[in-house]
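A.B. asks: Please find final.txt (compact mmCIF, C-alpha atoms (C1' of nucleotides)) on the next line:
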```
# COMPACT_ATOMS: atom_id res chain seq x y z
CA MET A 1 52.88 50.26 -79.56
CA LYS A 2 50.67 49.15 -76.75
CA ASP A 3 53.45 47.63 -74.76
CA ARG A 4 55.00 50.96 -74.03
CA ILE A 5 51.77 52.46 -72.80
CA ASN A 6 51.20 49.48 -70.56
CA ARG A 7 54.68 49.82 -69.19
CA LEU A 8 54.16 53.50 -68.50
CA MET A 9 51.00 52.69 -66.61
CA ALA A 10 52.77 50.00 -64.65
CA ILE A 11 55.56 52.41 -63.79
CA ARG A 12 53.08 54.94 -62.59
CA LYS A 13 51.41 52.42 -60.38
CA LEU A 14 54.68 51.10 -59.01
CA ILE A 15 55.89 54.57 -58.20
CA THR A 16 52.63 55.56 -56.63
CA PHE A 17 52.45 52.62 -54.30
CA ASN A 18 56.09 51.94 -53.55
CA ARG A 19 59.13 53.89 -52.60
CA ILE A 20 61.27 53.24 -55.57
CA ARG A 21 64.76 54.56 -55.09
CA SER A 22 66.48 53.94 -58.39
CA GLN A 23 65.88 53.04 -61.96
CA GLU A 24 67.61 49.73 -61.33
CA GLU A 25 65.09 48.93 -58.63
CA LEU A 26 62.26 49.93 -60.90
CA MET A 27 63.71 47.71 -63.57
CA GLY A 28 63.61 44.76 -61.21
CA LYS A 29 60.01 45.30 -60.23
CA LEU A 30 58.96 45.75 -63.81
CA GLU A 31 60.63 42.55 -64.80
CA LYS A 32 58.57 40.66 -62.27
CA LYS A 33 55.53 42.01 -64.04
CA GLY A 34 56.79 40.90 -67.39
CA PHE A 35 58.20 44.17 -68.66
CA ARG A 36 61.75 43.68 -69.72
CA VAL A 37 63.57 46.88 -70.60
CA THR A 38 66.89 48.50 -69.84
CA GLN A 39 67.65 51.31 -67.46
CA ALA A 40 68.08 53.67 -70.37
CA THR A 41 64.50 53.19 -71.41
CA LEU A 42 63.34 53.80 -67.90
CA SER A 43 65.25 57.04 -67.79
CA ARG A 44 63.28 58.10 -70.85
CA ASP A 45 60.02 56.83 -69.42
CA LEU A 46 60.47 58.74 -66.21
CA LYS A 47 61.24 61.86 -68.12
CA PHE A 48 58.14 61.34 -70.22
CA LEU A 49 56.01 60.90 -67.13
CA LYS A 50 57.68 63.88 -65.53
CA VAL A 51 58.50 61.81 -62.52
CA THR A 52 60.58 63.64 -59.97
CA ARG A 53 62.40 62.59 -56.84
CA ARG A 54 62.01 63.54 -53.26
CA TYR A 55 63.80 62.98 -50.02
CA ASP A 56 62.03 60.79 -47.50
CA GLU A 57 62.24 61.21 -43.71
CA LYS A 58 65.61 59.54 -43.68
CA GLY A 59 67.01 61.65 -46.45
CA ARG A 60 66.89 58.98 -49.08
CA LEU A 61 65.62 59.80 -52.52
CA TYR A 62 62.60 58.14 -54.03
CA TYR A 63 60.53 58.73 -57.10
CA VAL A 64 57.18 60.50 -57.05
CA MET A 65 54.56 61.08 -59.69
CA PRO A 66 54.02 64.75 -60.39
CA GLU A 67 50.35 64.68 -59.46
CA SER A 68 51.09 63.80 -55.89
CA LEU A 69 53.00 67.03 -55.63
CA HIS A 70 49.76 68.81 -56.19
CA ARG A 71 47.50 66.53 -54.27
CA GLU A 72 48.73 67.50 -50.88
CA GLU A 73 48.31 71.15 -51.60
CA ALA A 74 44.79 70.57 -52.77
CA THR A 75 43.71 68.36 -49.92
CA SER A 76 45.48 70.09 -47.10
CA GLN A 77 43.12 72.93 -46.39
CA SER A 78 39.93 72.58 -48.35
CA PRO A 79 37.31 70.47 -46.63
CA LEU A 80 35.16 70.90 -49.72
CA ARG A 81 33.29 67.94 -50.94
CA PHE A 82 33.43 67.54 -54.63
CA ASP A 83 30.49 65.41 -55.34
CA GLU A 84 28.33 68.44 -55.01
CA GLY A 85 27.07 69.48 -58.40
CA PHE A 86 27.78 66.25 -60.19
CA VAL A 87 25.11 65.08 -62.58
CA SER A 88 26.41 62.41 -64.91
CA LEU A 89 29.30 60.95 -66.81
CA GLU A 90 29.00 59.36 -70.22
CA PHE A 91 31.28 58.58 -73.08
CA SER A 92 31.05 59.15 -76.79
CA GLY A 93 33.71 57.07 -78.36
CA SER A 94 36.65 57.75 -76.14
CA LEU A 95 35.53 61.26 -75.30
CA GLY A 96 34.07 61.74 -71.87
CA VAL A 97 31.22 64.12 -71.19
CA LEU A 98 30.75 65.02 -67.57
CA LYS A 99 27.65 66.98 -66.72
CA THR A 100 27.25 69.14 -63.66
CA LEU A 101 24.72 71.51 -62.25
CA PRO A 102 24.89 74.93 -63.90
CA GLY A 103 28.05 76.76 -62.93
CA TYR A 104 29.88 73.80 -61.48
CA ALA A 105 31.75 72.63 -64.55
CA SER A 106 34.93 74.57 -64.06
CA SER A 107 35.37 73.52 -60.46
CA PHE A 108 35.35 69.91 -61.58
CA ALA A 109 37.62 70.62 -64.48
CA ILE A 110 40.14 72.33 -62.29
CA ARG A 111 40.37 69.29 -60.07
CA ILE A 112 40.90 67.06 -63.04
CA ASP A 113 43.55 69.31 -64.47
CA ARG A 114 45.35 69.59 -61.18
CA ALA A 115 45.51 65.88 -60.83
CA ALA A 116 47.39 65.87 -64.12
CA LYS A 117 46.59 62.26 -64.76
CA PHE A 118 48.60 60.66 -67.46
CA GLU A 119 45.49 59.16 -69.03
CA ILE A 120 43.73 62.48 -69.43
CA LEU A 121 45.13 64.79 -72.02
CA GLY A 122 42.96 67.69 -71.09
CA THR A 123 39.52 69.02 -70.39
CA VAL A 124 37.39 71.79 -71.74
CA ALA A 125 34.78 73.18 -69.45
CA GLY A 126 31.67 75.13 -70.31
CA ASP A 127 29.14 76.13 -67.71
CA ASP A 128 27.63 72.76 -66.92
CA THR A 129 29.53 70.36 -69.15
CA ILE A 130 33.09 69.18 -69.32
CA LEU A 131 34.62 67.47 -72.26
CA ILE A 132 37.30 65.05 -71.15
CA ILE A 133 39.89 64.18 -73.77
CA PRO A 134 41.81 61.00 -73.03
CA ARG A 135 45.30 60.33 -74.17
CA ASP A 136 45.37 58.44 -77.40
CA GLY A 137 44.67 54.77 -76.92
CA VAL A 138 43.62 54.94 -73.30
CA PRO A 139 40.47 52.89 -72.77
CA VAL A 140 37.33 54.27 -71.21
CA LYS A 141 37.62 52.16 -68.10
CA ASP A 142 40.98 53.69 -67.30
CA ILE A 143 39.48 57.12 -67.58
CA ARG A 144 36.80 56.11 -65.20
CA SER A 145 39.26 54.83 -62.67
CA SER A 146 41.31 57.99 -62.97
CA LEU A 147 38.23 59.99 -62.25
CA LYS A 148 37.46 57.82 -59.28
CA MET A 149 40.85 58.56 -57.88
CA ILE A 150 40.29 62.25 -58.34
CA PHE A 151 36.77 62.18 -56.96
CA PRO A 152 36.70 59.41 -54.41
CA ASP A 153 33.32 60.59 -53.19
CA LEU A 154 31.81 59.83 -56.54
CA GLU A 155 33.06 56.26 -56.61
CA GLU A 156 29.64 54.72 -57.28
CA LYS A 157 28.42 57.31 -59.71
CA LEU A 158 31.31 57.24 -62.13
CA MET B 1 79.84 78.01 -38.49
CA LYS B 2 78.37 81.02 -40.18
CA ASP B 3 79.85 80.44 -43.57
CA ARG B 4 77.84 77.36 -44.19
CA ILE B 5 74.59 79.01 -43.22
CA ASN B 6 75.33 81.91 -45.51
CA ARG B 7 76.06 79.54 -48.29
CA LEU B 8 72.81 77.70 -47.74
CA MET B 9 70.93 80.97 -47.94
CA ALA B 10 72.74 81.88 -51.10
CA ILE B 11 71.90 78.52 -52.60
CA ARG B 12 68.28 78.96 -51.75
CA LYS B 13 68.19 82.32 -53.39
CA LEU B 14 70.03 81.16 -56.48
CA ILE B 15 67.75 78.21 -56.94
CA THR B 16 64.65 80.26 -56.44
CA PHE B 17 65.50 82.87 -59.00
CA ASN B 18 67.43 80.91 -61.57
CA ARG B 19 67.02 77.68 -63.40
CA ILE B 20 70.03 75.85 -62.14
CA ARG B 21 70.56 72.62 -63.94
CA SER B 22 73.48 70.98 -62.19
CA GLN B 23 75.61 71.16 -59.13
CA GLU B 24 78.51 72.25 -61.28
CA GLU B 25 76.51 75.21 -62.48
CA LEU B 26 75.53 76.05 -58.95
CA MET B 27 79.17 75.83 -57.94
CA GLY B 28 80.07 78.38 -60.55
CA LYS B 29 77.44 80.85 -59.46
CA LEU B 30 78.39 80.44 -55.85
CA GLU B 31 82.00 81.09 -56.62
CA LYS B 32 81.09 84.42 -58.14
CA LYS B 33 79.51 85.28 -54.85
CA GLY B 34 82.58 84.29 -52.94
CA PHE B 35 81.57 80.84 -51.80
CA ARG B 36 84.17 78.35 -52.80
CA VAL B 37 83.21 74.74 -52.22
CA THR B 38 83.28 71.51 -54.14
CA GLN B 39 80.42 69.82 -55.86
CA ALA B 40 80.32 67.14 -53.17
CA THR B 41 79.50 69.72 -50.56
CA LEU B 42 76.73 71.05 -52.72
CA SER B 43 75.27 67.60 -52.99
CA ARG B 44 75.07 67.57 -49.21
CA ASP B 45 73.70 71.09 -49.08
CA LEU B 46 70.94 70.31 -51.52
CA LYS B 47 69.99 67.27 -49.56
CA PHE B 48 69.91 69.34 -46.41
CA LEU B 49 67.66 71.89 -48.06
CA LYS B 50 65.53 69.11 -49.52
CA VAL B 51 65.95 70.59 -52.93
CA THR B 52 64.43 68.50 -55.68
CA ARG B 53 64.52 68.62 -59.42
CA ARG B 54 61.89 69.11 -62.02
CA TYR B 55 61.58 68.96 -65.75
CA ASP B 56 61.05 72.27 -67.50
CA GLU B 57 58.95 72.71 -70.66
CA LYS B 58 61.78 71.40 -72.78
CA GLY B 59 62.35 68.37 -70.62
CA ARG B 60 65.52 69.59 -68.98
CA LEU B 61 65.98 69.15 -65.27
CA TYR B 62 66.41 72.05 -62.93
CA TYR B 63 66.50 72.43 -59.18
CA VAL B 64 63.54 73.69 -57.18
CA MET B 65 63.15 74.58 -53.54
CA PRO B 66 60.52 72.43 -51.90
CA GLU B 67 58.20 75.36 -51.11
CA SER B 68 58.09 76.53 -54.68
CA LEU B 69 56.60 73.22 -55.64
CA HIS B 70 53.43 74.66 -54.33
CA ARG B 71 53.69 78.21 -55.46
CA GLU B 72 53.66 77.17 -59.11
CA GLU B 73 53.35 79.68 -61.88
CA ALA B 74 52.06 82.30 -59.48
CA THR B 75 54.80 84.76 -60.25
CA SER B 76 53.95 85.64 -63.81
CA GLN B 77 54.77 89.26 -63.38
CA SER B 78 56.68 89.95 -66.57
CA PRO B 79 54.77 91.57 -69.42
CA LEU B 80 53.44 88.75 -71.50
CA ARG B 81 54.58 88.29 -75.02
CA PHE B 82 52.10 87.24 -77.62
CA ASP B 83 53.04 83.60 -77.34
CA GLU B 84 53.80 83.71 -73.66
CA GLY B 85 50.81 81.85 -72.33
CA PHE B 86 51.46 78.72 -74.31
CA VAL B 87 51.98 75.56 -72.31
CA SER B 88 51.65 72.53 -74.51
CA LEU B 89 50.05 70.93 -77.51
CA GLU B 90 49.10 67.29 -77.73
CA PHE B 91 46.75 65.18 -79.75
CA SER B 92 44.24 62.52 -78.92
CA GLY B 93 43.33 60.83 -82.12
CA SER B 94 42.89 63.76 -84.44
CA LEU B 95 41.71 66.12 -81.74
CA GLY B 96 44.19 68.71 -80.61
CA VAL B 97 44.43 69.85 -77.04
CA LEU B 98 46.30 73.09 -76.58
CA LYS B 99 47.04 74.11 -73.03
CA THR B 100 47.74 77.64 -71.92
CA LEU B 101 48.32 79.45 -68.70
CA PRO B 102 45.08 80.17 -66.87
CA GLY B 103 42.97 82.70 -68.69
CA TYR B 104 44.82 82.64 -71.98
CA ALA B 105 42.89 80.00 -73.83
CA SER B 106 40.48 82.31 -75.54
CA SER B 107 43.15 84.66 -76.83
CA PHE B 108 44.78 81.74 -78.56
CA ALA B 109 41.49 80.40 -79.82
CA ILE B 110 40.56 83.74 -81.31
CA ARG B 111 43.72 83.85 -83.31
CA ILE B 112 43.15 80.34 -84.58
CA ASP B 113 39.61 81.16 -85.55
CA ARG B 114 40.66 84.38 -87.25
CA ALA B 115 43.20 82.56 -89.32
CA ALA B 116 40.32 80.45 -90.66
CA LYS B 117 42.56 77.66 -91.80
CA PHE B 118 40.92 75.14 -94.03
CA GLU B 119 42.39 72.31 -91.98
CA ILE B 120 40.86 73.49 -88.75
CA LEU B 121 37.15 73.11 -88.47
CA GLY B 122 36.84 74.97 -85.23
CA THR B 123 37.95 75.40 -81.68
CA VAL B 124 36.40 75.30 -78.24
CA ALA B 125 38.14 77.28 -75.57
CA GLY B 126 37.87 76.93 -71.83
CA ASP B 127 39.97 78.91 -69.45
CA ASP B 128 43.31 77.27 -70.02
CA THR B 129 42.57 74.62 -72.60
CA ILE B 130 41.52 74.72 -76.22
CA LEU B 131 40.08 71.85 -78.11
CA ILE B 132 41.07 72.00 -81.75
CA ILE B 133 38.82 70.13 -84.09
CA PRO B 134 40.39 69.35 -87.43
CA ARG B 135 38.51 68.93 -90.66
CA ASP B 136 37.70 65.32 -91.27
CA GLY B 137 40.68 63.40 -92.53
CA VAL B 138 43.27 66.08 -91.96
CA PRO B 139 46.37 64.53 -90.38
CA VAL B 140 47.91 65.76 -87.19
CA LYS B 141 51.02 67.02 -88.81
CA ASP B 142 49.01 69.33 -91.03
CA ILE B 143 47.32 70.75 -87.97
CA ARG B 144 50.68 71.32 -86.46
CA SER B 145 51.92 73.16 -89.47
CA SER B 146 48.79 75.26 -89.59
CA LEU B 147 49.37 76.23 -86.01
CA LYS B 148 52.97 77.06 -86.75
CA MET B 149 51.81 79.44 -89.42
CA ILE B 150 49.42 81.07 -87.01
CA PHE B 151 51.94 81.23 -84.17
CA PRO B 152 55.33 81.59 -85.80
CA ASP B 153 56.90 82.39 -82.47
CA LEU B 154 56.02 78.94 -81.21
CA GLU B 155 57.68 77.15 -84.07
CA GLU B 156 59.81 74.93 -81.87
CA LYS B 157 57.20 74.15 -79.30
CA LEU B 158 54.41 72.96 -81.58
C1' DA C 1 52.08 44.13 -99.84
C1' DT C 2 56.00 47.13 -100.05
C1' DA C 3 58.43 51.23 -99.33
C1' DA C 4 59.21 55.21 -96.58
C1' DA C 5 58.88 57.61 -92.30
C1' DA C 6 58.51 57.79 -87.47
C1' DA C 7 58.88 55.92 -82.92
C1' DA C 8 60.93 52.93 -79.48
C1' DT C 9 64.77 50.61 -77.63
C1' DG C 10 69.52 48.75 -76.56
C1' DT C 11 74.38 49.43 -76.17
C1' DA C 12 78.02 51.89 -74.78
C1' DT C 13 79.41 56.00 -72.98
C1' DA C 14 79.15 60.53 -71.02
C1' DT C 15 77.46 63.21 -67.45
C1' DA C 16 75.82 63.95 -62.91
C1' DT C 17 75.18 62.84 -58.07
C1' DT C 18 76.19 60.52 -53.82
C1' DT C 19 79.17 58.67 -50.30
C1' DG C 20 83.17 56.45 -47.42
C1' DC C 21 86.91 58.02 -45.36
C1' DA C 22 90.38 61.10 -43.69
C1' DA C 23 91.68 65.78 -42.82
C1' DA C 24 90.51 70.38 -41.35
C1' DA C 25 87.65 73.58 -38.90
C1' DT C 26 84.73 74.71 -35.16
C1' DA C 27 82.60 74.19 -30.74
C1' DA C 28 82.56 72.31 -26.10
C1' DA C 29 84.70 70.71 -21.98
C1' DA C 30 88.27 70.43 -18.71
C1' DT D 1 94.54 77.37 -23.06
C1' DT D 2 94.68 72.45 -24.09
C1' DT D 3 92.13 68.55 -24.94
C1' DT D 4 88.20 66.21 -26.76
C1' DA D 5 84.09 65.82 -29.32
C1' DT D 6 81.41 67.44 -33.22
C1' DT D 7 80.71 69.33 -37.59
C1' DT D 8 82.11 70.49 -42.13
C1' DT D 9 84.63 69.61 -46.17
C1' DG D 10 87.60 67.70 -49.90
C1' DC D 11 89.13 63.92 -52.41
C1' DA D 12 88.44 59.89 -54.86
C1' DA D 13 85.62 56.34 -55.98
C1' DA D 14 81.08 54.31 -56.31
C1' DT D 15 76.36 54.92 -57.93
C1' DA D 16 73.00 56.65 -60.59
C1' DT D 17 71.09 58.95 -64.56
C1' DA D 18 71.06 60.78 -69.28
C1' DT D 19 72.15 60.57 -74.14
C1' DA D 20 74.42 59.84 -78.97
C1' DC D 21 74.15 56.63 -82.15
C1' DA D 22 72.73 52.39 -84.42
C1' DT D 23 69.20 49.08 -84.83
C1' DT D 24 64.71 47.26 -84.48
C1' DT D 25 59.82 47.80 -84.38
C1' DT D 26 55.70 50.09 -85.59
C1' DT D 27 53.05 53.18 -88.28
C1' DT D 28 51.83 55.54 -92.46
C1' DA D 29 51.61 56.10 -97.20
C1' DT D 30 51.76 54.21 -101.86
```
Represent the structure from my file as structure tokens, please.
C.D. replies:
Amino acid sequence: MKDRINRLMAIRKLITFNRIRSQEELMGKLEKKGFRVTQATLSRDLKFLKVTRRYDEKGRLYYVMPESLHREEATSQSPLRFDEGFVSLEFSGSLGVLKTLPGYASSFAIRIDRAAKFEILGTVAGDDTILIIPRDGVPVKDIRSSLKMIFPDLEEKL
Amino acid sequence: MKDRINRLMAIRKLITFNRIRSQEELMGKLEKKGFRVTQATLSRDLKFLKVTRRYDEKGRLYYVMPESLHREEATSQSPLRFDEGFVSLEFSGSLGVLKTLPGYASSFAIRIDRAAKFEILGTVAGDDTILIIPRDGVPVKDIRSSLKMIFPDLEEKL
DNA sequence: ATAAAAAATGTATATATTTGCAAAATAAAA
DNA sequence: TTTTATTTTGCAAATATATACATTTTTTAT
């Protein structure tokens, strides 16, 4: 059912851009966007998305998407630019094929995997090509925007 | 007061080396070590230590120290069992995406290929991901059961 | 289209965690 | 030491989250 997927996406966005402190609060925000479900469903959704909670500066708990746990680690030290080596991105059906210069494929794939985007089920990297397998039912444009978030430097090329 | 500090240290150690799933459980383990406090105190201790919770492979929550969020799977020291590197299996359409710990993909793929199941047309293995391509028209559940036959130890996870 | 199977959800409830408040323990000041 | 302030803790109650079970919705197969 498409409604569930849409809701999961909405939850992800809400959690990413707000400090949501309880499932009740999340329920309220979802309702404003037209998603009407109970707290129990949200409990299941959060589990599905592997959402965890963290303490903010004031010691209050709020929800975080798992990817942002990784992001800081990845961005903290490495000043590497990641647009180096990129060649092209095209889709065949829903499958994405990202081409790189020889030898660069795995470094791109690792970034994608680390980001652990909900929309992307997995990648398989060869030497200069990555196959990107989207989660069932996720449209191409969502994959593109995921990739843009992972590779902000490539914004225009993706 | 020294007792509290000692207890906090003990908590840190317990959480780092065990999968503690509730404050009650933690209370029990602490008691065995001579620390006798109520669950309410542990709630405060965990907040103080900024301990968070995560979902394990089976979707159960357990406590993690904030540092170990970064360390990840680094400490895979134990001798690996045959099925040890398995992480997850999901499908996108009819394509299967099997994730493994880094480096283990090909060992899984080889076993799949060796089994030469009719239902599985072939596999493509990266470093930690295998793409499983089913024969045209073969339903997901048949792929799953093929994989169960190939990896009997993973019965529950597939 | 209809039946059968699987997935998603709500309701009510169980389980788990947090917190206000008062008491006890510890540290600091007189 | 005695007094006073601060920190720690327990208790009980409030919040918050998870889940068993029944029902509805969606998907798959016939």
A.B. asks: What is the CA of Glu90 (chain A) to CA of Leu147 (chain A) distance in Å?
C.D. replies: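 Taking CA of Glu90 (chain A) and CA of Leu147 (chain A), their separation equals 12.2 Å.
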A.B. asks: Give me the residues within 10 Å of region 14-23 of chain C as a ChimeraX atom specification, counting all atoms listed in the file and dropping any in the same chain fewer than 4 places off.
C.D. replies: /B:22-24,39-40,42-44 /D:9-20
A.B. asks: Using 9 Å as the limit and counting only C-alpha atoms (C1' of nucleotides), can you tabulate each residue of chain A that touches chain C, with its shortest atom-to-atom distance in Å and the two atoms involved, as JSON lines?
C.D. replies:
```
{"residue": "A:Met1", "atom": "CA", "partner": "C:DA8", "partner_atom": "C1'", "distance": 8.5}
{"residue": "A:Arg4", "atom": "CA", "partner": "C:DA8", "partner_atom": "C1'", "distance": 8.3}
{"residue": "A:Val37", "atom": "CA", "partner": "C:DT9", "partner_atom": "C1'", "distance": 8.0}
{"residue": "A:Thr38", "atom": "CA", "partner": "C:DG10", "partner_atom": "C1'", "distance": 7.2}
{"residue": "A:Ala40", "atom": "CA", "partner": "C:DG10", "partner_atom": "C1'", "distance": 8.0}
{"residue": "A:Thr41", "atom": "CA", "partner": "C:DT9", "partner_atom": "C1'", "distance": 6.7}
```
A.B. asks: Considering all atoms listed in the file, state which residue in the set B:Ile20, B:Leu61, B:Leu14, B:Leu95 is at the smallest distance from chain D.
C.D. replies: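 Using all atoms listed in the file, chain D sits closest to B:Leu61.
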A.B. asks: Would you pick out the contacts of Phe35 (chain A) at 10 Å or less, using only C-alpha atoms (C1' of nucleotides), so that residues sharing its chain but fewer than 4 positions from it are not included, and give the list as a PyMOL selection string?
C.D. replies: chain A and resi 3-4+6-7+10-11+27-31
A.B. asks: Which is closest to chain D among B:Gly59, B:Gly126, B:Gly85, B:Gly34, if we use all atoms listed in the file?
C.D. replies: B:Gly59
A.B. asks: Show me which bits of chain A are within 7 Å of chain B, counting only C-alpha atoms, as a list in words.
C.D. replies: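 On the chain A side, the interface is Lys50, Thr52, Arg53, Arg54, Tyr55, Glu73, Gly122, Thr123, Val124, Ala125, Gly126, Ile133, Pro134, Arg135 and Asp136 of chain A.
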A.B. asks: Could those selected residues go to a file with C-alpha atoms, as a tab-separated table (two decimals), in the frame of the given file?
C.D. replies:
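That gives us selection16.tsv:
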```
chain	number	residue	atom	x	y	z
A	50	LYS	CA	57.68	63.88	-65.53
A	52	THR	CA	60.58	63.64	-59.97
A	53	ARG	CA	62.40	62.59	-56.84
A	54	ARG	CA	62.01	63.54	-53.26
A	55	TYR	CA	63.80	62.98	-50.02
A	73	GLU	CA	48.31	71.15	-51.60
A	122	GLY	CA	42.96	67.69	-71.09
A	123	THR	CA	39.52	69.02	-70.39
A	124	VAL	CA	37.39	71.79	-71.74
A	125	ALA	CA	34.78	73.18	-69.45
A	126	GLY	CA	31.67	75.13	-70.31
A	133	ILE	CA	39.89	64.18	-73.77
A	134	PRO	CA	41.81	61.00	-73.03
A	135	ARG	CA	45.30	60.33	-74.17
A	136	ASP	CA	45.37	58.44	-77.40
```
A.B. asks: To one decimal place, how far is CA of Arg114 (chain A) from CA of Met65 (chain A) in Å?
C.D. replies: 12.6 Å
A.B. asks: When you count only C-alpha atoms (C1' of nucleotides), which of these residues is closest to chain D: B:Arg19, B:Glu25, B:Lys32, B:Asp45?
C.D. replies: B:Asp45
A.B. asks: Could you state the separation of CA of Ser145 (chain A) and CA of Glu119 (chain A) in Å, given to one decimal place?
C.D. replies: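 One can read the CA of Ser145 (chain A) to CA of Glu119 (chain A) distance as 9.9 Å.
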A.B. asks: Kindly provide, as AutoDock Vina command-line options, the centre and edge lengths (Å, one decimal) of an axis-aligned box around all atoms of region 10-29 of chain C given in the file, with 5 Å on each side.
C.D. replies:
```
--center_x 80.6 --center_y 61.7 --center_z -49.3 --size_x 32.2 --size_y 36.0 --size_z 64.6
```
A.B. asks: Go through B:Ile110, B:Phe17, B:Pro139, B:Arg12 one by one, measure the shortest atom-to-atom distance of each to chain D using only C-alpha atoms (C1' of nucleotides), and give the residue with the smallest value.
C.D. replies: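 Ranking B:Ile110, B:Phe17, B:Pro139, B:Arg12 by distance to chain D, first place goes to B:Pro139.
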